[in-house]
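Participant: Contents of model_17.txt (compact mmCIF, C-alpha atoms) are given next:
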```
# COMPACT_ATOMS: atom_id res chain seq x y z
CA MET A 1 58.93 -39.77 -75.83
CA ARG A 2 61.43 -36.94 -76.35
CA LEU A 3 59.33 -34.51 -74.31
CA HIS A 4 59.05 -36.93 -71.39
CA TYR A 5 62.79 -37.67 -71.61
CA SER A 6 63.66 -33.98 -71.46
CA CYS A 7 61.72 -33.54 -68.19
CA LEU A 8 63.62 -36.24 -66.30
CA ARG A 9 66.67 -35.98 -64.06
CA GLU A 10 69.97 -37.44 -65.30
CA LYS A 11 69.69 -40.78 -63.48
CA ASP A 12 66.07 -41.19 -64.54
CA ARG A 13 67.00 -40.38 -68.14
CA ARG A 14 69.58 -43.18 -68.20
CA GLN A 15 67.13 -45.68 -66.76
CA TYR A 16 64.25 -44.60 -69.00
CA ALA A 17 66.40 -44.91 -72.12
CA ALA A 18 67.55 -48.35 -70.94
CA VAL A 19 63.97 -49.53 -70.36
CA GLU A 20 62.90 -48.40 -73.82
CA ALA A 21 65.94 -50.06 -75.43
CA ILE A 22 65.24 -53.32 -73.58
CA LYS A 23 61.59 -53.25 -74.67
CA LEU A 24 62.61 -52.95 -78.32
CA GLY A 25 65.03 -55.88 -78.16
CA TYR A 26 67.59 -56.35 -80.92
CA GLY A 27 68.65 -52.97 -82.33
CA GLY A 28 66.82 -51.10 -79.59
CA LEU A 29 69.96 -49.64 -78.10
CA THR A 30 70.99 -48.03 -81.39
CA TYR A 31 67.47 -46.83 -82.16
CA ILE A 32 66.95 -45.20 -78.76
CA SER A 33 70.41 -43.63 -78.76
CA ARG A 34 69.67 -41.98 -82.10
CA LEU A 35 66.11 -41.02 -81.20
CA LEU A 36 66.99 -39.39 -77.88
CA CYS A 37 70.48 -38.18 -78.95
CA VAL A 38 72.14 -40.16 -76.16
CA ASP A 39 75.45 -41.99 -76.19
CA ARG A 40 75.18 -45.78 -76.25
CA LYS A 41 77.41 -45.98 -73.17
CA THR A 42 74.85 -43.96 -71.23
CA ILE A 43 72.12 -46.47 -72.05
CA ILE A 44 74.39 -49.37 -71.14
CA GLU A 45 75.08 -47.70 -67.78
CA GLY A 46 71.32 -47.37 -67.27
CA LYS A 47 70.89 -51.09 -67.95
CA LYS A 48 73.52 -51.87 -65.31
CA GLU A 49 71.70 -49.68 -62.79
CA LEU A 50 68.40 -51.43 -63.52
CA LEU A 51 69.98 -54.87 -63.09
CA LYS A 52 71.52 -53.79 -59.79
CA MET A 53 68.16 -52.48 -58.56
CA ALA A 54 66.45 -55.74 -59.59
CA ALA A 55 69.03 -57.81 -57.69
CA GLN A 56 68.53 -55.71 -54.56
CA GLN A 57 64.76 -56.07 -54.89
CA GLU A 58 65.03 -59.87 -55.04
CA GLN A 59 67.00 -59.90 -51.78
CA THR A 60 64.36 -57.88 -49.92
CA ASP A 61 61.35 -59.81 -51.24
CA LYS A 62 61.49 -62.49 -48.53
CA GLN A 63 58.16 -62.98 -46.81
CA ARG A 64 59.50 -64.25 -43.52
CA ARG A 65 62.54 -63.66 -41.39
CA SER A 66 65.04 -66.46 -41.08
CA GLY A 67 65.17 -68.42 -37.83
CA GLY A 68 61.44 -68.51 -37.17
CA GLY A 69 59.22 -71.53 -36.89
CA ARG A 70 59.47 -74.84 -35.10
CA LYS A 71 62.91 -75.95 -33.95
CA LYS A 72 64.47 -79.06 -35.47
CA LYS A 73 63.86 -82.31 -33.59
CA GLY A 74 66.85 -83.27 -31.51
CA SER A 75 68.42 -79.84 -31.22
CA ALA A 76 69.74 -79.10 -27.72
CA SER A 77 68.65 -75.47 -27.55
```
Starting from the file, lay out its structure as structure tokens.
Facilitator:
Amino acid sequence: MRLHYSCLREKDRRQYAAVEAIKLGYGGLTYISRLLCVDRKTIIEGKKELLKMAAQQEQTDKQRRSGGGRKKKGSAS
């Protein structure tokens, strides 16, 4: 885990540490911060980045564009 962590870029390090801490659940943040010698704030920042990425992914996961399909009955257009 430490070897893989050392090969990553800064942003990827934050996100990787956050993923590992989330996987461990309660106490994971402290354990990962000690294991990888990372500040807890860095892992928290990584968690925020992951949540932001997940929210953006949900917005782009629509299958169809809006406005398509049959028009409503009684509309004048």
Participant: What does the distance from CA of His4 in chain A to CA of Ala55 in chain A come to in Å, to one decimal?
Facilitator: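 According to the coordinates, CA of His4 in chain A and CA of Ala55 in chain A are separated by 26.9 Å.
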Participant: Tell me which protein, DNA and RNA residues are within 10 Å of Lys47 in chain A, counting all atoms listed in the file, leaving out same-chain ones fewer than 5 positions away, and put them as a PDB file with C-alpha atoms, in the coordinates of the input.
Facilitator:
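Dumped to out00.pdb:
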```pdb
ATOM      1  CA  ARG A  14      69.580 -43.180 -68.200  1.00  0.00           C
ATOM      2  CA  GLN A  15      67.130 -45.680 -66.760  1.00  0.00           C
ATOM      3  CA  TYR A  16      64.250 -44.600 -69.000  1.00  0.00           C
ATOM      4  CA  ALA A  17      66.400 -44.910 -72.120  1.00  0.00           C
ATOM      5  CA  ALA A  18      67.550 -48.350 -70.940  1.00  0.00           C
ATOM      6  CA  VAL A  19      63.970 -49.530 -70.360  1.00  0.00           C
ATOM      7  CA  ALA A  21      65.940 -50.060 -75.430  1.00  0.00           C
ATOM      8  CA  ILE A  22      65.240 -53.320 -73.580  1.00  0.00           C
ATOM      9  CA  LYS A  41      77.410 -45.980 -73.170  1.00  0.00           C
ATOM     10  CA  THR A  42      74.850 -43.960 -71.230  1.00  0.00           C
ATOM     11  CA  LYS A  52      71.520 -53.790 -59.790  1.00  0.00           C
ATOM     12  CA  MET A  53      68.160 -52.480 -58.560  1.00  0.00           C
TER      13      MET A  53
END
```
Participant: What gap, in Å, lies between CA of Leu24 in chain A and CA of Glu58 in chain A?
Facilitator: 24.4 Å
Participant: In Å, rounded to a single decimal, give me how far CA of Asp12 in chain A is from CA of Gln56 in chain A.
Facilitator: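 It comes out at 17.8 Å.
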Participant: From the set A:Leu50, A:Glu10, A:Arg2, A:Gln59, which residue has the shortest atom-to-atom contact distance to Arg34 in chain A, counting only C-alpha atoms?
Facilitator: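 Nearest to Arg34 in chain A: A:Arg2.
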Participant: Find the residue from A:Arg40, A:Gly46, A:Tyr31, A:Gly74 that sits nearest to Arg13 in chain A; use only C-alpha atoms when measuring.
Facilitator: A:Gly46
Participant: Ranking A:Lys11, A:Glu20, A:Lys72, A:Ala54 by minimum distance to Leu35 in chain A and counting only C-alpha atoms, which one comes first?
Facilitator: A:Glu20
